[in-house]
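Here the structure comes first, spelled out in structure tokens, and everything after it is commentary.
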Amino acid sequence: MSKTGSSEMENLKVGIVGGSIAGCAAAVELSRAGFDVTLFERSGNELKDRGAGIGVPPSVVETFISRDLVDHDIPYFRLDKMSRIWRSADEPYHGYVAWDQPAQLGALNWGGLYNNLRVRVPDAIYRPNHNVVELQQTNPQQVEVILADGATQKFDLVVCADGYTSLGRSTLFPDVTVDYAGYVLWRGFIMEHEIDKPKPLDDGVRCLGYPGGHGIFYFVPGPDGSIEPGERLVNWGMYITIPGAEIADFLTDKQGITRTGSLSPGSMPMTTERSLKDQARERIPDYYADIVEKSPDTFVYSIYDCQVPAYRTGRICLSGDAGAFARPHSAAGALKGINDSVTLADALKSHSSVDEALTKWNSERTATNNGLVQFGNQLGLALVKQIPDWSKMNPVSMEEWFSGVVTIATEYLPATP
């Protein structure tokens, strides 16, 4: 059913809470659909790029291009395998390659994707330094957005794309908790020209196993978008087990302030970073440990997950990490947020009733994204909590092991928009 002729749809006022990737994608898609959109971002006009890389299937990048969510020439790398590697006595420098696992991945720079989305959001609807502190469903068709300065605005629909600590999620489902997984992801990056012998990184994603976790190393486009040799960015991350009783001490910054969830670049105490780099030297092949050693201002964030009972209650919807929050092993965080936005816009465009559109969208996104959380949990079990010694395995035994632990069917993963 088309929305044509529906005054409810034609005059729909939509508020979006959060201006990162999911929020910008929602603003682009919903404003293009003809709705009256306002986006509230609590920080300044532009979000900071930590230099981190993200990965999505190459076919999804092409879909982003076809929907004009990103430029047709957005720089990214096509990677076709994930090499599972373990440091061994015989291979201490490059490591023992246990399995070249087939994988189709498009590696992008987070900043490149965010900037492509942000530039497509009309400045007139993007409101920086607007901190939403409360949401009230005043009647079945209206939501009141309350800002930190006391100002209020009313909308026919509010999309909460405000991250894993979402006000929207806690408003709709106050009993839903975001649970700490028992480990953190320590990340860093360094320009390619600052490392020796970059050739091993040309060969797909390098996944390094070790007792209690694993690390990933791969190229992403450089800060200026270059994909030329010598100008690329080496992006890496290592999963490190930190018991729940110790996480508060671990997340205490240089100023002695205990942070919630993460330590941003430059805030980590030198003693903490030194300890992590020493652990890397002991656990991973020397080639990769050298990269870690040279990386400045490393940062870390805790790994959490949660499932949600629904993606919508009344006229308040969740999008991206504000909804089901999956561990990053699934490599679908950005994809999930964009998918939520694309499918919401499509549902609203294809129905004459807002509630009918939201009911259908809610059912699909809840099942899909809760399945993604389960997928991430299985990967966390396989690659962190119960990781076997890959140096004692070969491609056949590796594939048997992996398929025995990771059993979530592909239909639970986010569908290409």
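Residue names in the structure tokens use chain letters A, B, ... in the order shown, residue numbers from 1 in each chain, and ligand numbers from 1 in the order shown.
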
Give one line per residue of region 87-198 of chain A that approaches region 221-240 of chain A to at most 6 Å, naming the two atoms of the closest pair and their distance in Å to one decimal, counting only C-alpha atoms; sort by chain then ascending residue number and deliver it as CSV.
residue,atom,partner,partner_atom,distance
A:Asn109,CA,A:Pro221,CA,5.7
A:Tyr183,CA,A:Ile240,CA,5.5
A:Val184,CA,A:Ile240,CA,5.4
A:Leu185,CA,A:Tyr239,CA,4.6
A:Trp186,CA,A:Met238,CA,5.1
A:Arg187,CA,A:Gly237,CA,4.2
A:Gly188,CA,A:Trp236,CA,5.6
A:Phe189,CA,A:Asn235,CA,4.6
A:Ile190,CA,A:Val234,CA,5.3
A:Met191,CA,A:Leu233,CA,4.7
A:Glu192,CA,A:Gly230,CA,5.3
A:His193,CA,A:Gly230,CA,5.0

**Request:** For Thr272 (chain A), please output as a PyMOL selection string all residues within 12 Å (counting only C-alpha atoms; exclusion window: fewer than 6 positions along the same chain).
**Result:** chain A and resi 186+249-254+263+266+278-279+297-300

**Message:** I'd like the contact shell of Leu372 (chain A) - 12 Å cut-off, only C-alpha atoms, skipping same-chain residues fewer than 2 positions apart - returned as an MDAnalysis selection string.
**Reply:** chainID A and resid 305:308 320:321 323:333 335:336 365:370 374:379 406:415

**Request:** Determine, counting only C-alpha atoms, which protein, DNA and RNA residues have an atom within 8 Å of an atom of Cys160 (chain A); residues of the same chain fewer than 3 positions away are not included. Present the result as a PyMOL selection string.
**Result:** chain A and resi 16-18+23+166-169+316-319+322

**Request:** Enumerate as JSON, numbers by chain all residues of region 27-113 of chain A assigned to strand (DSSP E or B) by DSSP on the backbone, naming them with the chain letters and numbers the document uses.
**Result:** {"A": [36, 37, 38, 39, 40, 53, 54, 55, 56, 77, 78, 79, 80, 81, 82, 83, 84, 85, 86, 96, 97, 98, 99, 100, 101, 102, 103, 104, 105, 106, 107, 108, 109]}

**Asked** Which of region 3-194 of chain A counts as alpha helix (DSSP H) under DSSP, as a VMD selection string please?
**Response** chain A and resid 7 to 10 21 to 32 58 to 66 110 to 118 167 to 172

Preceding selection exported with N, CA, C and O atoms as a short mmCIF file (atom, residue, chain, number, x, y, z; two decimals), in the first residue's frame:
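See out_15.cif below for the written result:
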data_model
loop_
_atom_site.label_atom_id
_atom_site.label_comp_id
_atom_site.auth_asym_id
_atom_site.auth_seq_id
_atom_site.Cartn_x
_atom_site.Cartn_y
_atom_site.Cartn_z
N SER A 7 -2.66 11.59 4.82
CA SER A 7 -2.22 12.80 5.51
C SER A 7 -1.35 12.44 6.70
O SER A 7 -0.46 13.21 7.08
N GLU A 8 -1.58 11.27 7.30
CA GLU A 8 -0.77 10.84 8.43
C GLU A 8 0.69 10.73 8.03
O GLU A 8 1.59 11.17 8.76
N MET A 9 0.95 10.15 6.88
CA MET A 9 2.32 10.00 6.40
C MET A 9 2.88 11.31 5.85
O MET A 9 4.02 11.68 6.13
N GLU A 10 2.09 12.03 5.10
CA GLU A 10 2.58 13.24 4.45
C GLU A 10 3.02 14.30 5.45
O GLU A 10 3.93 15.08 5.17
N ILE A 21 26.50 7.07 13.04
CA ILE A 21 26.19 6.41 11.77
C ILE A 21 24.72 6.04 11.66
O ILE A 21 24.06 6.35 10.66
N ALA A 22 24.15 5.39 12.68
CA ALA A 22 22.75 4.98 12.61
C ALA A 22 21.83 6.19 12.53
O ALA A 22 20.86 6.20 11.76
N GLY A 23 22.11 7.23 13.33
CA GLY A 23 21.27 8.41 13.32
C GLY A 23 21.32 9.16 12.01
O GLY A 23 20.29 9.62 11.50
N CYS A 24 22.53 9.32 11.47
CA CYS A 24 22.66 10.00 10.18
C CYS A 24 21.97 9.22 9.07
O CYS A 24 21.32 9.81 8.20
N ALA A 25 22.11 7.90 9.09
CA ALA A 25 21.44 7.08 8.07
C ALA A 25 19.93 7.25 8.15
O ALA A 25 19.24 7.36 7.13
N ALA A 26 19.39 7.27 9.38
CA ALA A 26 17.95 7.47 9.55
C ALA A 26 17.53 8.84 9.04
O ALA A 26 16.50 8.99 8.37
N ALA A 27 18.33 9.86 9.34
CA ALA A 27 17.99 11.21 8.89
C ALA A 27 17.98 11.31 7.38
O ALA A 27 17.10 11.94 6.78
N VAL A 28 18.97 10.70 6.73
CA VAL A 28 19.04 10.73 5.27
C VAL A 28 17.83 10.02 4.66
O VAL A 28 17.12 10.57 3.80
N GLU A 29 17.59 8.80 5.10
CA GLU A 29 16.51 8.00 4.50
C GLU A 29 15.14 8.60 4.76
O GLU A 29 14.29 8.64 3.87
N LEU A 30 14.89 9.05 5.99
CA LEU A 30 13.55 9.54 6.33
C LEU A 30 13.29 10.93 5.74
O LEU A 30 12.16 11.23 5.34
N SER A 31 14.30 11.77 5.66
CA SER A 31 14.09 13.08 5.04
C SER A 31 13.87 12.93 3.54
O SER A 31 13.03 13.64 2.96
N ARG A 32 14.59 12.00 2.92
CA ARG A 32 14.38 11.76 1.49
C ARG A 32 12.99 11.19 1.22
O ARG A 32 12.45 11.38 0.12
N PRO A 58 31.25 -6.72 0.77
CA PRO A 58 31.39 -5.79 -0.37
C PRO A 58 30.07 -5.51 -1.07
O PRO A 58 29.85 -4.39 -1.56
N SER A 59 29.18 -6.49 -1.13
CA SER A 59 27.88 -6.27 -1.78
C SER A 59 27.08 -5.20 -1.06
O SER A 59 26.28 -4.48 -1.68
N VAL A 60 27.28 -5.09 0.26
CA VAL A 60 26.57 -4.08 1.02
C VAL A 60 27.12 -2.69 0.70
O VAL A 60 26.36 -1.72 0.62
N VAL A 61 28.43 -2.59 0.51
CA VAL A 61 29.00 -1.31 0.10
C VAL A 61 28.35 -0.86 -1.21
O VAL A 61 27.99 0.31 -1.39
N GLU A 62 28.19 -1.81 -2.13
CA GLU A 62 27.57 -1.48 -3.41
C GLU A 62 26.11 -1.03 -3.23
O GLU A 62 25.63 -0.14 -3.94
N THR A 63 25.42 -1.64 -2.26
CA THR A 63 24.05 -1.22 -1.98
C THR A 63 24.03 0.18 -1.39
O THR A 63 23.17 1.00 -1.75
N PHE A 64 24.97 0.48 -0.51
CA PHE A 64 25.07 1.84 0.03
C PHE A 64 25.25 2.84 -1.11
O PHE A 64 24.65 3.92 -1.11
N ILE A 65 26.09 2.48 -2.07
CA ILE A 65 26.34 3.36 -3.21
C ILE A 65 25.07 3.54 -4.04
O ILE A 65 24.71 4.67 -4.43
N SER A 66 24.36 2.45 -4.30
CA SER A 66 23.16 2.51 -5.15
C SER A 66 22.06 3.35 -4.49
O SER A 66 21.25 3.96 -5.19
N TRP A 110 36.15 4.12 9.50
CA TRP A 110 34.92 4.58 10.15
C TRP A 110 34.62 6.02 9.78
O TRP A 110 33.47 6.37 9.48
N GLY A 111 35.65 6.85 9.80
CA GLY A 111 35.45 8.26 9.48
C GLY A 111 34.95 8.47 8.07
O GLY A 111 34.14 9.36 7.81
N GLY A 112 35.45 7.63 7.13
CA GLY A 112 35.00 7.76 5.75
C GLY A 112 33.51 7.47 5.61
O GLY A 112 32.79 8.20 4.91
N LEU A 113 33.04 6.43 6.29
CA LEU A 113 31.61 6.10 6.23
C LEU A 113 30.78 7.17 6.93
O LEU A 113 29.77 7.64 6.38
N TYR A 114 31.20 7.56 8.12
CA TYR A 114 30.44 8.59 8.86
C TYR A 114 30.37 9.90 8.07
O TYR A 114 29.29 10.50 7.95
N ASN A 115 31.50 10.35 7.53
CA ASN A 115 31.51 11.62 6.81
C ASN A 115 30.63 11.57 5.56
O ASN A 115 29.98 12.57 5.21
N ASN A 116 30.59 10.41 4.89
CA ASN A 116 29.71 10.27 3.73
C ASN A 116 28.25 10.41 4.13
O ASN A 116 27.46 11.03 3.41
N LEU A 117 27.88 9.83 5.26
CA LEU A 117 26.50 9.95 5.73
C LEU A 117 26.21 11.35 6.23
O LEU A 117 25.16 11.93 5.92
N ARG A 118 27.13 11.89 7.02
CA ARG A 118 26.89 13.21 7.62
C ARG A 118 26.68 14.29 6.57
O ARG A 118 25.81 15.17 6.73
N LEU A 167 19.11 6.08 25.94
CA LEU A 167 17.98 6.58 26.69
C LEU A 167 16.69 5.94 26.18
O LEU A 167 15.79 5.62 26.96
N GLY A 168 16.60 5.75 24.86
CA GLY A 168 15.41 5.15 24.29
C GLY A 168 15.17 3.74 24.81
O GLY A 168 14.04 3.39 25.19
N ARG A 169 16.22 2.92 24.83
CA ARG A 169 16.06 1.55 25.31
C ARG A 169 15.65 1.52 26.78
O ARG A 169 14.76 0.76 27.19
N SER A 170 16.31 2.35 27.61
CA SER A 170 15.98 2.35 29.03
C SER A 170 14.58 2.91 29.28
O SER A 170 13.93 2.54 30.26
N THR A 171 14.11 3.79 28.40
CA THR A 171 12.75 4.31 28.52
C THR A 171 11.72 3.24 28.20
O THR A 171 10.74 3.06 28.93
N LEU A 172 11.94 2.52 27.12
CA LEU A 172 10.98 1.49 26.70
C LEU A 172 11.06 0.23 27.55
O LEU A 172 10.04 -0.38 27.88
#

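Of the residues under consideration (A:Leu108, A:Cys207, A:Glu399, A:Pro285), A:Leu108 shows the shortest atom-to-atom contact distance to Asp73 (chain A) when counting only C-alpha atoms.
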
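Each of A:Lys294, A:Arg312, A:Arg120, A:Arg206 was compared to Asp71 (chain A) using only C-alpha atoms, and A:Arg120 turns out to be the nearest.
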
**Residue with smallest distance to Ala248 (chain A) - pool A:Asp355, A:Trp401, A:Thr260, A:Arg315, counting only C-alpha atoms** =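 Distance minimum relative to Ala248 (chain A) lands on A:Thr260.
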
**Request:** Just give me the gap between CA of Arg84 (chain A) and CA of Phe219 (chain A) in Å, one decimal is fine.
**Result:**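 We find that CA of Arg84 (chain A) and CA of Phe219 (chain A) lie 16.4 Å from each other.
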
Show me, as CSV, the residues of region 281-345 of chain A having an atom within 9 Å of region 95-107 of chain A, each with the closest atom pair and its distance in Å, using only C-alpha atoms.
residue,atom,partner,partner_atom,distance
A:Ile284,CA,A:Gly95,CA,7.8
A:Pro285,CA,A:Gly95,CA,5.3
A:Asp286,CA,A:Gly95,CA,8.3
A:Tyr287,CA,A:Gly95,CA,8.6

**Message:** Excluding region 122-139 of chain A and its own-chain neighbours fewer than 5 positions away, which residues fall within 6 Å of it when counting only C-alpha atoms? Please give them as a ChimeraX atom specification.
**Reply:** /A:38-45,144-148

Write out, as a PDB file, in the first residue's frame, the residues just selected, with N, CA and C atoms.
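Saved result, out_5.pdb, follows:
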ATOM      1  N   THR A  38      13.990  16.048  12.355  1.00  0.00           N
ATOM      2  CA  THR A  38      14.913  16.816  13.191  1.00  0.00           C
ATOM      3  C   THR A  38      15.816  15.833  13.919  1.00  0.00           C
ATOM      4  N   LEU A  39      17.125  16.045  13.829  1.00  0.00           N
ATOM      5  CA  LEU A  39      18.094  15.161  14.487  1.00  0.00           C
ATOM      6  C   LEU A  39      18.756  15.899  15.639  1.00  0.00           C
ATOM      7  N   PHE A  40      18.783  15.260  16.812  1.00  0.00           N
ATOM      8  CA  PHE A  40      19.410  15.832  17.998  1.00  0.00           C
ATOM      9  C   PHE A  40      20.700  15.086  18.313  1.00  0.00           C
ATOM     10  N   GLU A  41      21.823  15.802  18.310  1.00  0.00           N
ATOM     11  CA  GLU A  41      23.123  15.215  18.661  1.00  0.00           C
ATOM     12  C   GLU A  41      23.670  15.970  19.859  1.00  0.00           C
ATOM     13  N   ARG A  42      24.003  15.244  20.923  1.00  0.00           N
ATOM     14  CA  ARG A  42      24.405  15.910  22.163  1.00  0.00           C
ATOM     15  C   ARG A  42      25.792  16.551  22.093  1.00  0.00           C
ATOM     16  N   SER A  43      26.658  16.052  21.197  1.00  0.00           N
ATOM     17  CA  SER A  43      28.011  16.603  21.100  1.00  0.00           C
ATOM     18  C   SER A  43      28.048  17.748  20.097  1.00  0.00           C
ATOM     19  N   GLY A  44      29.260  18.196  19.766  1.00  0.00           N
ATOM     20  CA  GLY A  44      29.433  19.267  18.803  1.00  0.00           C
ATOM     21  C   GLY A  44      29.020  18.852  17.410  1.00  0.00           C
ATOM     22  N   ASN A  45      29.307  19.689  16.448  1.00  0.00           N
ATOM     23  CA  ASN A  45      28.776  19.495  15.100  1.00  0.00           C
ATOM     24  C   ASN A  45      29.295  18.238  14.416  1.00  0.00           C
ATOM     25  N   GLU A 144       6.873  13.376  23.212  1.00  0.00           N
ATOM     26  CA  GLU A 144       7.503  14.639  23.578  1.00  0.00           C
ATOM     27  C   GLU A 144       8.975  14.398  23.885  1.00  0.00           C
ATOM     28  N   VAL A 145       9.835  15.177  23.231  1.00  0.00           N
ATOM     29  CA  VAL A 145      11.282  15.112  23.448  1.00  0.00           C
ATOM     30  C   VAL A 145      11.665  16.265  24.363  1.00  0.00           C
ATOM     31  N   ILE A 146      12.323  15.937  25.478  1.00  0.00           N
ATOM     32  CA  ILE A 146      12.708  16.949  26.460  1.00  0.00           C
ATOM     33  C   ILE A 146      14.231  17.063  26.478  1.00  0.00           C
ATOM     34  N   LEU A 147      14.731  18.277  26.298  1.00  0.00           N
ATOM     35  CA  LEU A 147      16.166  18.534  26.229  1.00  0.00           C
ATOM     36  C   LEU A 147      16.712  18.965  27.592  1.00  0.00           C
ATOM     37  N   ALA A 148      18.036  18.895  27.703  1.00  0.00           N
ATOM     38  CA  ALA A 148      18.691  19.214  28.971  1.00  0.00           C
ATOM     39  C   ALA A 148      18.434  20.655  29.407  1.00  0.00           C
TER      40      ALA A 148
END

**Asked** Rounded to one decimal in Å, what is the spacing between CA of Pro211 (chain A) and CA of Tyr164 (chain A)?
**Response**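 Calculated distance between CA of Pro211 (chain A) and CA of Tyr164 (chain A) is 28.1 Å.
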